[in-house]
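Q: I am attaching a structure below and will ask some questions about it afterwards.
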Amino acid sequence: MKLVVVGAGPAGTRCAVGAAQRVPGAEVTLLSAELALPYDRVALSRLLAGEAEVADLITHPIAELATLGINFRAGVAVAGIDRAARTLETAKGERIPYDRLVLATGSTAVRLPLPGATLPGVLAYRDLADVRAMLRLADEGGHAVVIGGGLLGLEAATGLAARGMKVSVVHAMGWPMDRQLDAEAGALLTRRLARRGIRFVMPAATVALEGERHVQGVRLDDGRLLPASLVVLSVGIRPNVALARAAGLAIARGIVVDDAMRSSDAAIHAVGECTEHNGRLIGLVKPALEQAEVAVATLAGAAACWQPLPEQAALKVSGTAVWSAGEISAETAEAIILRDEGAEEYRRLFLRDGRLVGAVLYGDTADAGYYMRLIAEQRPVASRAELVLGSSFMDAAA
Ligand SMILES: Cc1cc2nc3c(=O)[nH]c(=O)nc-3n(C[C@H](O)[C@H](O)[C@H](O)COP(=O)(O)OP(=O)(O)OC[C@H]3O[C@@H](n4cnc5c(N)ncnc54)[C@H](O)[C@@H]3O)c2cc1C
């Protein structure tokens, strides 16, 4: 059985490795548009900040892939799927036959349609090539502007600041990470990152990127011009569905999959950030890997079913612990706020019908796993003390 996986991000690679190990008779080919061995995308921020080298990020050396019998090919972008002939066509015109196909094409960073958005020096933050380009510009010093103060934008900003650039973050809302944090935790985070030299310009909107042969500045809607030899666009991601759409698969925002990760064509599975399951997209690596496991089990003939857990997000900036999970803006939930101003610690817990549905932890995230279990299990909370004390409640009870 010829199994071809398109995309060697975490989901595609996990699928290829799992199929090579557990799907009897599978001849696995793994195709990647990127010119790199499978690597840990989540760790790109460590590379940018100078905390890791490229070699540290490689998750599957070529020898390991060869030992597993996986035919891995880098720099191969798939341009079309002929579903009737069960054949792929690459951008270079090569035809590759398949019996079963897995689409793991991930997401692409949203590029704002701003004047100047295609100038050299304007980058997204998505892959190794983006980070290499950022590092080349960071070597020259000067000013960087990060547009978007979400998780990735802040990781880009702190990484570039650690590389010696003068960094500003332009954010449309009143505080960074507004999807994960409320205003109070957002203000604490702003102060902490400002102490590292990051300047926040918010709420503010960008109207143009200016420069002639290279970006030189970011024009804001109030007329201000922020100097910049590097602009990082970090304003969100979009599932990469062009290939699947052109092939006539069912698409909503992502490639529509059932609980077994099957697309609308029984010969084609989809996993990871390119998928949409029960009307929901994913944007984190853990559910992408779980989906890959489900696809492998389905390909091996087992009755597998993906059951999404509440999502959790953490900021990977050393010395700045921020974590959130579940429903954190739930209007129908009761919010409990605990703060220790001296220690710059803060937590906000969301309860509905006596059960924890979401949590934001700032400063001290040691109890993240404890709260995550409460959210996932949906068991009634024993008492307020259980919530306030977190994991030490269990220690005290033991
Ligand atoms: C800087 C950064 C930090 C992150 N930090 C975290 C974190 O802390 N925690 C977390 O949970 N998640 C984090 N994420 C998100 C995480 O990386 C994604 O959830 C994960 O990579 C999704 O995996 P995927 O395999 O679905 O897609 P992707 O990793 O996007 O991989 C898709 C691959 O498919 C390739 N491809 C696309 N189209 C084609 C084609 N036509 N032909 C061939 N190849 C193709 C792409 O080039 C890409 O290599 C981070 C992301 C970034 C960019």
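By order in the structure tokens, chains are A, B, ...; within a chain, residues start at 1; ligands start at 1, following the order shown.
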I need the strand (DSSP E) residues of region 179-373 of chain A per DSSP on the backbone, written as a short mmCIF file (atom, residue, chain, number, x, y, z; two decimals) with all heavy atoms, in the first residue's frame.
A:
data_model
loop_
_atom_site.label_atom_id
_atom_site.label_comp_id
_atom_site.auth_asym_id
_atom_site.auth_seq_id
_atom_site.Cartn_x
_atom_site.Cartn_y
_atom_site.Cartn_z
N ARG A 199 9.22 47.78 23.69
CA ARG A 199 8.31 48.91 23.77
C ARG A 199 6.96 48.46 23.18
O ARG A 199 6.93 47.86 22.11
CB ARG A 199 8.91 50.04 22.93
CG ARG A 199 8.06 51.22 22.75
CD ARG A 199 8.80 52.21 21.84
NE ARG A 199 7.92 53.29 21.50
CZ ARG A 199 7.94 53.93 20.35
NH1 ARG A 199 8.84 53.60 19.44
NH2 ARG A 199 7.10 54.91 20.11
N PHE A 200 5.89 48.74 23.90
CA PHE A 200 4.56 48.38 23.40
C PHE A 200 3.86 49.62 22.86
O PHE A 200 3.83 50.66 23.53
CB PHE A 200 3.72 47.76 24.52
CG PHE A 200 4.12 46.33 24.79
CD1 PHE A 200 5.11 46.04 25.73
CD2 PHE A 200 3.54 45.28 24.11
CE1 PHE A 200 5.51 44.74 25.96
CE2 PHE A 200 3.93 43.97 24.33
CZ PHE A 200 4.92 43.71 25.26
N VAL A 201 3.32 49.51 21.66
CA VAL A 201 2.55 50.59 21.06
C VAL A 201 1.14 50.02 20.88
O VAL A 201 0.90 49.20 19.99
CB VAL A 201 3.16 50.99 19.70
CG1 VAL A 201 2.43 52.21 19.12
CG2 VAL A 201 4.64 51.26 19.83
N THR A 206 -1.64 49.46 12.14
CA THR A 206 -0.65 49.78 11.11
C THR A 206 -1.40 50.09 9.81
O THR A 206 -2.31 49.35 9.44
CB THR A 206 0.25 48.54 10.88
OG1 THR A 206 0.80 48.18 12.13
CG2 THR A 206 1.36 48.82 9.89
N VAL A 207 -0.99 51.16 9.15
CA VAL A 207 -1.64 51.45 7.86
C VAL A 207 -0.72 51.18 6.67
O VAL A 207 -1.20 50.96 5.56
CB VAL A 207 -2.22 52.88 7.79
CG1 VAL A 207 -3.40 53.02 8.72
CG2 VAL A 207 -1.16 53.93 8.08
N ALA A 208 0.59 51.21 6.88
CA ALA A 208 1.50 50.94 5.75
C ALA A 208 2.88 50.57 6.27
O ALA A 208 3.26 50.94 7.38
CB ALA A 208 1.60 52.18 4.86
N LEU A 209 3.60 49.83 5.45
CA LEU A 209 5.02 49.56 5.71
C LEU A 209 5.77 50.37 4.67
O LEU A 209 5.47 50.29 3.48
CB LEU A 209 5.30 48.07 5.58
CG LEU A 209 4.37 47.20 6.43
CD1 LEU A 209 4.63 45.72 6.21
CD2 LEU A 209 4.52 47.55 7.91
N GLU A 210 6.72 51.20 5.16
CA GLU A 210 7.35 52.15 4.23
C GLU A 210 8.80 51.80 3.98
O GLU A 210 9.48 51.23 4.84
CB GLU A 210 7.21 53.57 4.80
CG GLU A 210 5.74 53.95 4.94
CD GLU A 210 5.51 55.42 5.27
OE1 GLU A 210 6.49 56.15 5.48
OE2 GLU A 210 4.33 55.81 5.30
N GLY A 211 9.27 52.20 2.80
CA GLY A 211 10.66 51.96 2.41
C GLY A 211 10.70 51.87 0.91
O GLY A 211 9.66 51.72 0.27
N VAL A 215 12.35 47.53 3.77
CA VAL A 215 11.48 48.21 4.72
C VAL A 215 12.31 49.15 5.61
O VAL A 215 13.43 48.81 6.02
CB VAL A 215 10.65 47.20 5.54
CG1 VAL A 215 11.51 46.45 6.56
CG2 VAL A 215 9.48 47.89 6.23
N GLN A 216 11.72 50.34 5.88
CA GLN A 216 12.43 51.30 6.74
C GLN A 216 11.57 51.76 7.91
O GLN A 216 12.09 52.31 8.87
CB GLN A 216 12.84 52.52 5.92
CG GLN A 216 13.99 52.21 4.98
CD GLN A 216 14.35 53.38 4.10
OE1 GLN A 216 13.46 54.06 3.57
NE2 GLN A 216 15.63 53.64 3.95
N GLY A 217 10.25 51.53 7.79
CA GLY A 217 9.41 51.99 8.89
C GLY A 217 7.99 51.48 8.81
O GLY A 217 7.55 50.98 7.78
N VAL A 218 7.29 51.64 9.94
CA VAL A 218 5.90 51.20 10.05
C VAL A 218 5.06 52.44 10.35
O VAL A 218 5.29 53.14 11.33
CB VAL A 218 5.75 50.18 11.21
CG1 VAL A 218 4.30 49.87 11.48
CG2 VAL A 218 6.53 48.91 10.89
N ARG A 219 4.11 52.72 9.45
CA ARG A 219 3.26 53.90 9.61
C ARG A 219 2.00 53.48 10.36
O ARG A 219 1.32 52.52 9.99
CB ARG A 219 2.90 54.46 8.23
CG ARG A 219 2.00 55.65 8.25
CD ARG A 219 2.70 56.92 8.70
NE ARG A 219 3.75 57.34 7.78
CZ ARG A 219 4.58 58.35 8.02
NH1 ARG A 219 4.50 59.06 9.14
NH2 ARG A 219 5.53 58.67 7.15
N LEU A 220 1.69 54.21 11.45
CA LEU A 220 0.50 53.89 12.24
C LEU A 220 -0.67 54.79 11.84
O LEU A 220 -0.47 55.83 11.20
CB LEU A 220 0.80 54.07 13.73
CG LEU A 220 1.96 53.24 14.26
CD1 LEU A 220 2.17 53.51 15.75
CD2 LEU A 220 1.71 51.75 14.03
N LEU A 225 5.50 57.32 12.64
CA LEU A 225 6.32 56.38 11.86
C LEU A 225 7.32 55.73 12.81
O LEU A 225 8.13 56.42 13.43
CB LEU A 225 7.06 57.13 10.75
CG LEU A 225 7.91 56.24 9.84
CD1 LEU A 225 7.05 55.34 8.97
CD2 LEU A 225 8.82 57.10 8.95
N LEU A 226 7.25 54.40 12.95
CA LEU A 226 8.23 53.69 13.79
C LEU A 226 9.34 53.19 12.87
O LEU A 226 9.07 52.50 11.89
CB LEU A 226 7.58 52.48 14.48
CG LEU A 226 6.28 52.73 15.26
CD1 LEU A 226 5.75 51.41 15.82
CD2 LEU A 226 6.53 53.71 16.41
N PRO A 227 10.60 53.53 13.18
CA PRO A 227 11.68 53.06 12.31
C PRO A 227 11.82 51.54 12.40
O PRO A 227 11.62 50.97 13.49
CB PRO A 227 12.93 53.76 12.87
CG PRO A 227 12.58 54.12 14.27
CD PRO A 227 11.08 54.30 14.33
N LEU A 230 13.51 45.64 10.18
CA LEU A 230 12.88 44.31 10.17
C LEU A 230 11.46 44.46 10.71
O LEU A 230 11.27 45.07 11.76
CB LEU A 230 13.69 43.35 11.06
CG LEU A 230 13.02 42.03 11.46
CD1 LEU A 230 12.67 41.18 10.24
CD2 LEU A 230 13.95 41.23 12.38
N VAL A 231 10.50 43.92 9.96
CA VAL A 231 9.11 43.90 10.44
C VAL A 231 8.65 42.46 10.46
O VAL A 231 8.79 41.74 9.46
CB VAL A 231 8.19 44.74 9.52
CG1 VAL A 231 6.72 44.56 9.93
CG2 VAL A 231 8.57 46.21 9.57
N VAL A 232 8.15 42.02 11.60
CA VAL A 232 7.62 40.65 11.70
C VAL A 232 6.11 40.74 11.78
O VAL A 232 5.57 41.39 12.68
CB VAL A 232 8.18 39.93 12.95
CG1 VAL A 232 7.61 38.52 13.04
CG2 VAL A 232 9.70 39.88 12.91
N LEU A 233 5.45 40.09 10.82
CA LEU A 233 3.98 40.07 10.84
C LEU A 233 3.53 38.85 11.63
O LEU A 233 3.81 37.71 11.25
CB LEU A 233 3.44 39.97 9.41
CG LEU A 233 3.73 41.15 8.48
CD1 LEU A 233 3.20 40.85 7.08
CD2 LEU A 233 3.09 42.42 9.02
N ILE A 237 -2.90 32.86 11.95
CA ILE A 237 -2.60 31.79 10.99
C ILE A 237 -3.89 31.37 10.29
O ILE A 237 -4.99 31.63 10.80
CB ILE A 237 -1.96 30.57 11.68
CG1 ILE A 237 -2.83 30.06 12.85
CG2 ILE A 237 -0.56 30.86 12.13
CD1 ILE A 237 -2.39 28.74 13.44
N ARG A 238 -3.70 30.73 9.15
CA ARG A 238 -4.85 30.27 8.38
C ARG A 238 -4.54 28.86 7.88
O ARG A 238 -3.43 28.61 7.40
CB ARG A 238 -4.99 31.23 7.18
CG ARG A 238 -6.28 31.15 6.47
CD ARG A 238 -6.39 32.27 5.43
NE ARG A 238 -6.66 33.58 6.00
CZ ARG A 238 -6.16 34.73 5.53
NH1 ARG A 238 -5.32 34.72 4.52
NH2 ARG A 238 -6.48 35.88 6.08
N PRO A 239 -5.50 27.91 8.01
CA PRO A 239 -5.22 26.55 7.54
C PRO A 239 -4.85 26.56 6.05
O PRO A 239 -5.45 27.29 5.26
CB PRO A 239 -6.55 25.81 7.75
CG PRO A 239 -7.30 26.63 8.73
CD PRO A 239 -6.85 28.04 8.59
N ILE A 255 -9.77 21.66 6.23
CA ILE A 255 -10.23 20.47 5.51
C ILE A 255 -11.15 19.71 6.46
O ILE A 255 -10.73 19.35 7.58
CB ILE A 255 -9.03 19.57 5.12
CG1 ILE A 255 -8.01 20.35 4.29
CG2 ILE A 255 -9.52 18.33 4.37
CD1 ILE A 255 -6.68 19.62 4.07
N VAL A 256 -12.37 19.50 6.05
CA VAL A 256 -13.35 18.88 6.96
C VAL A 256 -12.99 17.40 7.16
O VAL A 256 -12.83 16.66 6.19
CB VAL A 256 -14.78 19.02 6.39
CG1 VAL A 256 -15.78 18.28 7.26
CG2 VAL A 256 -15.14 20.50 6.28
N VAL A 257 -12.83 17.01 8.44
CA VAL A 257 -12.52 15.61 8.76
C VAL A 257 -13.54 15.07 9.75
O VAL A 257 -14.14 15.82 10.54
CB VAL A 257 -11.10 15.45 9.39
CG1 VAL A 257 -10.02 15.67 8.35
CG2 VAL A 257 -10.91 16.38 10.59
N ILE A 268 -8.37 9.67 1.37
CA ILE A 268 -7.54 10.82 1.82
C ILE A 268 -7.87 11.18 3.27
O ILE A 268 -9.02 11.47 3.61
CB ILE A 268 -7.75 12.05 0.92
CG1 ILE A 268 -7.49 11.69 -0.56
CG2 ILE A 268 -6.87 13.20 1.37
CD1 ILE A 268 -7.68 12.84 -1.54
N HIS A 269 -6.84 11.15 4.10
CA HIS A 269 -6.96 11.61 5.48
C HIS A 269 -6.36 13.01 5.59
O HIS A 269 -5.56 13.41 4.75
CB HIS A 269 -6.21 10.68 6.43
CG HIS A 269 -6.88 9.38 6.65
ND1 HIS A 269 -7.04 8.44 5.66
CD2 HIS A 269 -7.46 8.86 7.76
CE1 HIS A 269 -7.68 7.40 6.14
NE2 HIS A 269 -7.94 7.62 7.42
N ALA A 270 -6.70 13.72 6.63
CA ALA A 270 -6.03 15.00 6.89
C ALA A 270 -5.80 15.11 8.40
O ALA A 270 -6.64 14.65 9.19
CB ALA A 270 -6.85 16.17 6.38
N THR A 275 -6.78 20.96 9.36
CA THR A 275 -8.10 20.31 9.46
C THR A 275 -9.14 21.17 10.18
O THR A 275 -8.81 22.10 10.93
CB THR A 275 -8.00 18.99 10.27
OG1 THR A 275 -7.63 19.31 11.62
CG2 THR A 275 -7.02 18.03 9.65
N GLU A 276 -10.37 20.79 9.96
CA GLU A 276 -11.48 21.34 10.74
C GLU A 276 -12.33 20.15 11.19
O GLU A 276 -12.79 19.35 10.37
CB GLU A 276 -12.30 22.31 9.89
CG GLU A 276 -13.48 22.86 10.64
CD GLU A 276 -14.13 24.06 9.97
OE1 GLU A 276 -13.48 24.74 9.16
OE2 GLU A 276 -15.31 24.30 10.28
N HIS A 277 -12.53 20.04 12.49
CA HIS A 277 -13.26 18.91 13.07
C HIS A 277 -14.43 19.46 13.86
O HIS A 277 -14.23 20.29 14.76
CB HIS A 277 -12.30 18.13 13.99
CG HIS A 277 -12.92 17.00 14.73
ND1 HIS A 277 -13.37 17.10 16.02
CD2 HIS A 277 -13.18 15.73 14.35
CE1 HIS A 277 -13.87 15.95 16.41
NE2 HIS A 277 -13.77 15.10 15.42
N GLN A 312 -4.65 24.32 25.77
CA GLN A 312 -3.89 25.12 26.72
C GLN A 312 -2.76 25.80 25.98
O GLN A 312 -2.23 25.25 25.02
CB GLN A 312 -3.36 24.26 27.87
CG GLN A 312 -2.58 23.04 27.45
CD GLN A 312 -2.08 22.26 28.65
OE1 GLN A 312 -1.73 22.82 29.68
NE2 GLN A 312 -2.04 20.95 28.53
N ALA A 313 -2.40 27.00 26.41
CA ALA A 313 -1.34 27.75 25.74
C ALA A 313 -0.39 28.30 26.78
O ALA A 313 -0.81 28.69 27.87
CB ALA A 313 -1.95 28.91 24.95
N ALA A 314 0.90 28.30 26.45
CA ALA A 314 1.90 28.84 27.38
C ALA A 314 2.86 29.72 26.60
O ALA A 314 3.18 29.42 25.45
CB ALA A 314 2.65 27.71 28.07
N VAL A 322 3.50 32.33 31.83
CA VAL A 322 2.10 32.65 31.55
C VAL A 322 1.47 31.39 30.97
O VAL A 322 2.04 30.76 30.07
CB VAL A 322 1.96 33.78 30.51
CG1 VAL A 322 0.50 34.12 30.29
CG2 VAL A 322 2.72 35.02 30.94
N TRP A 323 0.29 31.03 31.48
CA TRP A 323 -0.38 29.80 30.97
C TRP A 323 -1.87 30.03 31.02
O TRP A 323 -2.38 30.68 31.94
CB TRP A 323 0.01 28.62 31.87
CG TRP A 323 -0.70 27.34 31.56
CD1 TRP A 323 -0.31 26.40 30.67
CD2 TRP A 323 -1.91 26.85 32.16
NE1 TRP A 323 -1.21 25.36 30.66
CE2 TRP A 323 -2.20 25.61 31.57
CE3 TRP A 323 -2.78 27.34 33.13
CZ2 TRP A 323 -3.32 24.85 31.91
CZ3 TRP A 323 -3.90 26.59 33.48
CH2 TRP A 323 -4.15 25.35 32.87
N SER A 324 -2.56 29.51 30.03
CA SER A 324 -4.02 29.57 30.10
C SER A 324 -4.61 28.33 29.44
O SER A 324 -3.96 27.69 28.60
CB SER A 324 -4.55 30.83 29.43
OG SER A 324 -4.45 30.70 28.04
N ALA A 325 -5.83 27.97 29.84
CA ALA A 325 -6.48 26.79 29.26
C ALA A 325 -7.99 26.95 29.36
O ALA A 325 -8.50 27.64 30.24
CB ALA A 325 -6.04 25.53 29.99
N GLY A 326 -8.67 26.26 28.45
CA GLY A 326 -10.13 26.20 28.49
C GLY A 326 -10.78 27.53 28.14
O GLY A 326 -10.22 28.36 27.43
N GLU A 334 -18.39 32.06 36.39
CA GLU A 334 -18.04 32.93 37.53
C GLU A 334 -16.52 32.99 37.60
O GLU A 334 -15.85 31.96 37.52
CB GLU A 334 -18.60 32.28 38.80
CG GLU A 334 -18.22 32.99 40.07
CD GLU A 334 -18.44 32.09 41.30
OE1 GLU A 334 -18.91 30.95 41.14
OE2 GLU A 334 -18.12 32.56 42.40
N ALA A 335 -15.96 34.21 37.71
CA ALA A 335 -14.50 34.32 37.74
C ALA A 335 -14.01 34.49 39.18
O ALA A 335 -14.56 35.30 39.93
CB ALA A 335 -14.05 35.50 36.90
N ILE A 336 -13.02 33.72 39.57
CA ILE A 336 -12.38 33.89 40.88
C ILE A 336 -10.97 34.41 40.62
O ILE A 336 -10.22 33.83 39.83
CB ILE A 336 -12.30 32.54 41.61
CG1 ILE A 336 -13.71 32.03 41.87
CG2 ILE A 336 -11.50 32.66 42.91
CD1 ILE A 336 -13.73 30.67 42.53
N ILE A 337 -10.62 35.52 41.28
CA ILE A 337 -9.31 36.13 41.02
C ILE A 337 -8.45 36.04 42.28
O ILE A 337 -8.90 36.37 43.37
CB ILE A 337 -9.48 37.61 40.62
CG1 ILE A 337 -10.31 37.69 39.34
CG2 ILE A 337 -8.13 38.28 40.41
CD1 ILE A 337 -10.76 39.08 38.98
N LEU A 338 -7.23 35.57 42.11
CA LEU A 338 -6.29 35.48 43.22
C LEU A 338 -5.06 36.27 42.81
O LEU A 338 -4.55 36.08 41.71
CB LEU A 338 -5.88 34.03 43.46
CG LEU A 338 -7.01 33.02 43.56
CD1 LEU A 338 -6.49 31.61 43.43
CD2 LEU A 338 -7.70 33.20 44.91
N ARG A 339 -4.59 37.18 43.69
CA ARG A 339 -3.41 37.94 43.28
C ARG A 339 -2.45 38.13 44.44
O ARG A 339 -2.84 38.20 45.59
CB ARG A 339 -3.78 39.29 42.68
CG ARG A 339 -4.63 40.20 43.50
CD ARG A 339 -4.68 41.59 42.87
NE ARG A 339 -5.57 41.70 41.74
CZ ARG A 339 -6.90 41.80 41.82
NH1 ARG A 339 -7.51 41.74 42.98
NH2 ARG A 339 -7.63 41.95 40.74
N ASP A 340 -1.15 38.16 44.08
CA ASP A 340 -0.10 38.46 45.03
C ASP A 340 0.72 39.55 44.36
O ASP A 340 1.60 39.28 43.54
CB ASP A 340 0.74 37.20 45.29
CG ASP A 340 1.88 37.46 46.26
OD1 ASP A 340 2.20 38.64 46.48
OD2 ASP A 340 2.42 36.49 46.81
N GLU A 345 2.22 37.87 40.99
CA GLU A 345 1.55 36.62 40.64
C GLU A 345 0.05 36.86 40.62
O GLU A 345 -0.48 37.65 41.42
CB GLU A 345 1.89 35.52 41.64
CG GLU A 345 3.28 34.99 41.42
CD GLU A 345 3.72 34.00 42.47
OE1 GLU A 345 2.87 33.53 43.26
OE2 GLU A 345 4.91 33.73 42.51
N TYR A 346 -0.58 36.13 39.71
CA TYR A 346 -1.99 36.40 39.48
C TYR A 346 -2.62 35.16 38.88
O TYR A 346 -2.01 34.48 38.06
CB TYR A 346 -2.05 37.57 38.50
CG TYR A 346 -3.40 37.88 37.92
CD1 TYR A 346 -4.26 38.77 38.54
CD2 TYR A 346 -3.81 37.27 36.74
CE1 TYR A 346 -5.49 39.05 37.99
CE2 TYR A 346 -5.03 37.55 36.19
CZ TYR A 346 -5.87 38.45 36.82
OH TYR A 346 -7.08 38.73 36.28
N ARG A 347 -3.81 34.80 39.35
CA ARG A 347 -4.53 33.75 38.65
C ARG A 347 -6.02 34.07 38.60
O ARG A 347 -6.56 34.67 39.52
CB ARG A 347 -4.26 32.35 39.22
CG ARG A 347 -4.36 32.18 40.69
CD ARG A 347 -3.96 30.76 41.10
NE ARG A 347 -2.51 30.54 41.06
CZ ARG A 347 -1.91 29.43 41.45
NH1 ARG A 347 -2.62 28.41 41.90
NH2 ARG A 347 -0.61 29.30 41.39
N ARG A 348 -6.63 33.71 37.49
CA ARG A 348 -8.07 33.91 37.34
C ARG A 348 -8.66 32.58 36.92
O ARG A 348 -8.22 31.95 35.95
CB ARG A 348 -8.34 34.97 36.26
CG ARG A 348 -9.83 35.27 36.10
CD ARG A 348 -10.05 36.32 35.03
NE ARG A 348 -9.74 37.65 35.51
CZ ARG A 348 -10.58 38.71 35.46
NH1 ARG A 348 -11.77 38.58 34.96
NH2 ARG A 348 -10.21 39.87 35.91
N LEU A 349 -9.63 32.12 37.71
CA LEU A 349 -10.21 30.80 37.48
C LEU A 349 -11.67 30.96 37.12
O LEU A 349 -12.38 31.76 37.74
CB LEU A 349 -10.06 29.95 38.75
CG LEU A 349 -8.61 29.88 39.28
CD1 LEU A 349 -8.59 29.30 40.68
CD2 LEU A 349 -7.74 29.06 38.35
N PHE A 350 -12.13 30.22 36.14
CA PHE A 350 -13.51 30.35 35.66
C PHE A 350 -14.30 29.10 36.03
O PHE A 350 -13.93 27.99 35.64
CB PHE A 350 -13.53 30.54 34.14
CG PHE A 350 -12.92 31.84 33.70
CD1 PHE A 350 -11.55 31.95 33.50
CD2 PHE A 350 -13.71 32.96 33.51
CE1 PHE A 350 -10.98 33.15 33.11
CE2 PHE A 350 -13.15 34.17 33.13
CZ PHE A 350 -11.79 34.27 32.93
N LEU A 351 -15.40 29.32 36.78
CA LEU A 351 -16.22 28.19 37.26
C LEU A 351 -17.62 28.27 36.65
O LEU A 351 -18.19 29.35 36.55
CB LEU A 351 -16.42 28.33 38.77
CG LEU A 351 -15.37 27.81 39.72
CD1 LEU A 351 -15.76 28.21 41.13
CD2 LEU A 351 -15.25 26.31 39.62
N ARG A 352 -18.14 27.11 36.27
CA ARG A 352 -19.54 27.06 35.87
C ARG A 352 -20.15 25.80 36.50
O ARG A 352 -19.57 24.72 36.39
CB ARG A 352 -19.69 27.01 34.36
CG ARG A 352 -21.14 27.19 33.92
CD ARG A 352 -21.37 27.01 32.43
NE ARG A 352 -20.63 27.94 31.63
CZ ARG A 352 -19.77 27.57 30.68
NH1 ARG A 352 -19.54 26.31 30.43
NH2 ARG A 352 -19.14 28.48 29.98
N ARG A 355 -17.90 23.60 38.44
CA ARG A 355 -16.79 22.91 37.75
C ARG A 355 -15.87 23.96 37.12
O ARG A 355 -16.35 24.99 36.63
CB ARG A 355 -17.31 21.99 36.65
CG ARG A 355 -18.09 20.81 37.20
CD ARG A 355 -18.77 20.04 36.08
NE ARG A 355 -19.25 18.77 36.53
CZ ARG A 355 -20.42 18.57 37.17
NH1 ARG A 355 -21.20 19.59 37.41
NH2 ARG A 355 -20.78 17.37 37.57
N LEU A 356 -14.58 23.66 37.11
CA LEU A 356 -13.63 24.59 36.50
C LEU A 356 -13.70 24.46 34.98
O LEU A 356 -13.59 23.35 34.45
CB LEU A 356 -12.20 24.26 36.98
CG LEU A 356 -11.14 25.30 36.65
CD1 LEU A 356 -11.39 26.60 37.41
CD2 LEU A 356 -9.75 24.77 36.98
N VAL A 357 -13.91 25.58 34.27
CA VAL A 357 -13.99 25.52 32.80
C VAL A 357 -12.81 26.22 32.13
O VAL A 357 -12.55 26.02 30.95
CB VAL A 357 -15.32 26.09 32.25
CG1 VAL A 357 -16.49 25.24 32.68
CG2 VAL A 357 -15.52 27.56 32.67
N GLY A 358 -12.08 27.06 32.89
CA GLY A 358 -10.94 27.74 32.29
C GLY A 358 -10.05 28.34 33.36
O GLY A 358 -10.49 28.51 34.51
N ALA A 359 -8.80 28.64 33.03
CA ALA A 359 -7.88 29.23 34.00
C ALA A 359 -6.80 30.03 33.30
O ALA A 359 -6.37 29.68 32.20
CB ALA A 359 -7.22 28.12 34.83
N VAL A 360 -6.40 31.12 33.95
CA VAL A 360 -5.25 31.93 33.49
C VAL A 360 -4.28 32.00 34.67
O VAL A 360 -4.67 32.39 35.76
CB VAL A 360 -5.68 33.37 33.13
CG1 VAL A 360 -4.47 34.22 32.77
CG2 VAL A 360 -6.71 33.38 32.02
N LEU A 361 -3.04 31.60 34.46
CA LEU A 361 -2.03 31.71 35.52
C LEU A 361 -0.93 32.64 35.03
O LEU A 361 -0.43 32.49 33.91
CB LEU A 361 -1.41 30.34 35.84
CG LEU A 361 -2.35 29.19 36.18
CD1 LEU A 361 -1.53 27.97 36.59
CD2 LEU A 361 -3.30 29.57 37.30
N TYR A 362 -0.53 33.57 35.88
CA TYR A 362 0.54 34.49 35.52
C TYR A 362 1.57 34.50 36.65
O TYR A 362 1.20 34.64 37.81
CB TYR A 362 -0.01 35.92 35.30
CG TYR A 362 1.09 36.87 34.93
CD1 TYR A 362 1.41 37.08 33.61
CD2 TYR A 362 1.86 37.49 35.91
CE1 TYR A 362 2.47 37.90 33.26
CE2 TYR A 362 2.93 38.30 35.58
CZ TYR A 362 3.22 38.51 34.25
OH TYR A 362 4.28 39.30 33.91
#
Q: How would you report the residues lying within 7 Å of ligand 1, as a VMD selection string, if you count only C-alpha atoms and all ligand atoms?
A: chain A and resid 6 to 12 31 to 34 41 to 45 76 to 79 104 to 108 125 to 127 152 240 243 271 to 274 283 to 286 288 313 to 316
Q: Fewer than 2 positions away in the same chain doesn't count, so skip those; otherwise give me all residues within 8 Å of region 306-310 of chain A, counting only C-alpha atoms, as a PyMOL selection string.
A: chain A and resi 259-261+287+290-291+294+304+312+325-326+375-376
Q: Write to file, as a CSV table (one decimal), in the first residue's frame, the residues of the selection just made, with C-alpha atoms.
A:
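Result file is selection.csv:
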chain,number,residue,atom,x,y,z
A,259,ASP,CA,-13.6,11.6,14.1
A,260,ALA,CA,-11.3,9.1,12.3
A,261,MET,CA,-9.5,12.0,10.4
A,287,PRO,CA,-3.9,18.0,19.3
A,290,GLU,CA,-3.2,13.2,18.7
A,291,GLN,CA,-4.9,13.5,15.3
A,294,VAL,CA,-5.8,8.5,15.2
A,304,ALA,CA,-10.1,5.1,16.2
A,312,GLN,CA,-3.9,25.1,26.7
A,325,ALA,CA,-6.5,26.8,29.3
A,326,GLY,CA,-10.1,26.2,28.5
A,375,ILE,CA,-10.9,21.3,33.4
A,376,ALA,CA,-10.5,18.1,31.4
Q: In Å, rounded to a single decimal, give me how far CA of Leu389 (chain A) is from CA of Glu341 (chain A).
A: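 Between CA of Glu341 (chain A) and CA of Leu389 (chain A) the gap is 17.0 Å.
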Q: Looking at only C-alpha atoms, which of A:Ser234, A:Gln21, A:Ser264, A:Thr298 is the one that sits closest to Arg111 (chain A)?
A: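 Nearest to Arg111 (chain A): A:Ser234.
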Q: May I ask for the distance between CA of Leu160 (chain A) and CA of Thr190 (chain A), given in Å to one decimal place?
A: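 Computed distance, CA of Leu160 (chain A) to CA of Thr190 (chain A), equals 16.5 Å.
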Q: Restricting the calculation to only C-alpha atoms, which member of A:Leu103, A:Val146, A:Leu151, A:Ala247 is positioned closest to Val169 (chain A)?
A: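 With only C-alpha atoms as the atom set, the closest residue is A:Val146.
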Q: Applying 10 Å and only C-alpha atoms, which residues near region 172-176 of chain A remain after dropping the ones on its own chain fewer than 6 positions away? List them as a list in words.
A: Ile147, Gly148, Gly149, Gly150, Leu151, Gly153, Leu154, Asp182, Ala183, Glu184, Ala185, Gly186, Ala187, Leu188, Leu189, Thr190, Phe200, Val201, Met202, Pro203, Ala204, Ala205, Thr206 and Val235 of chain A
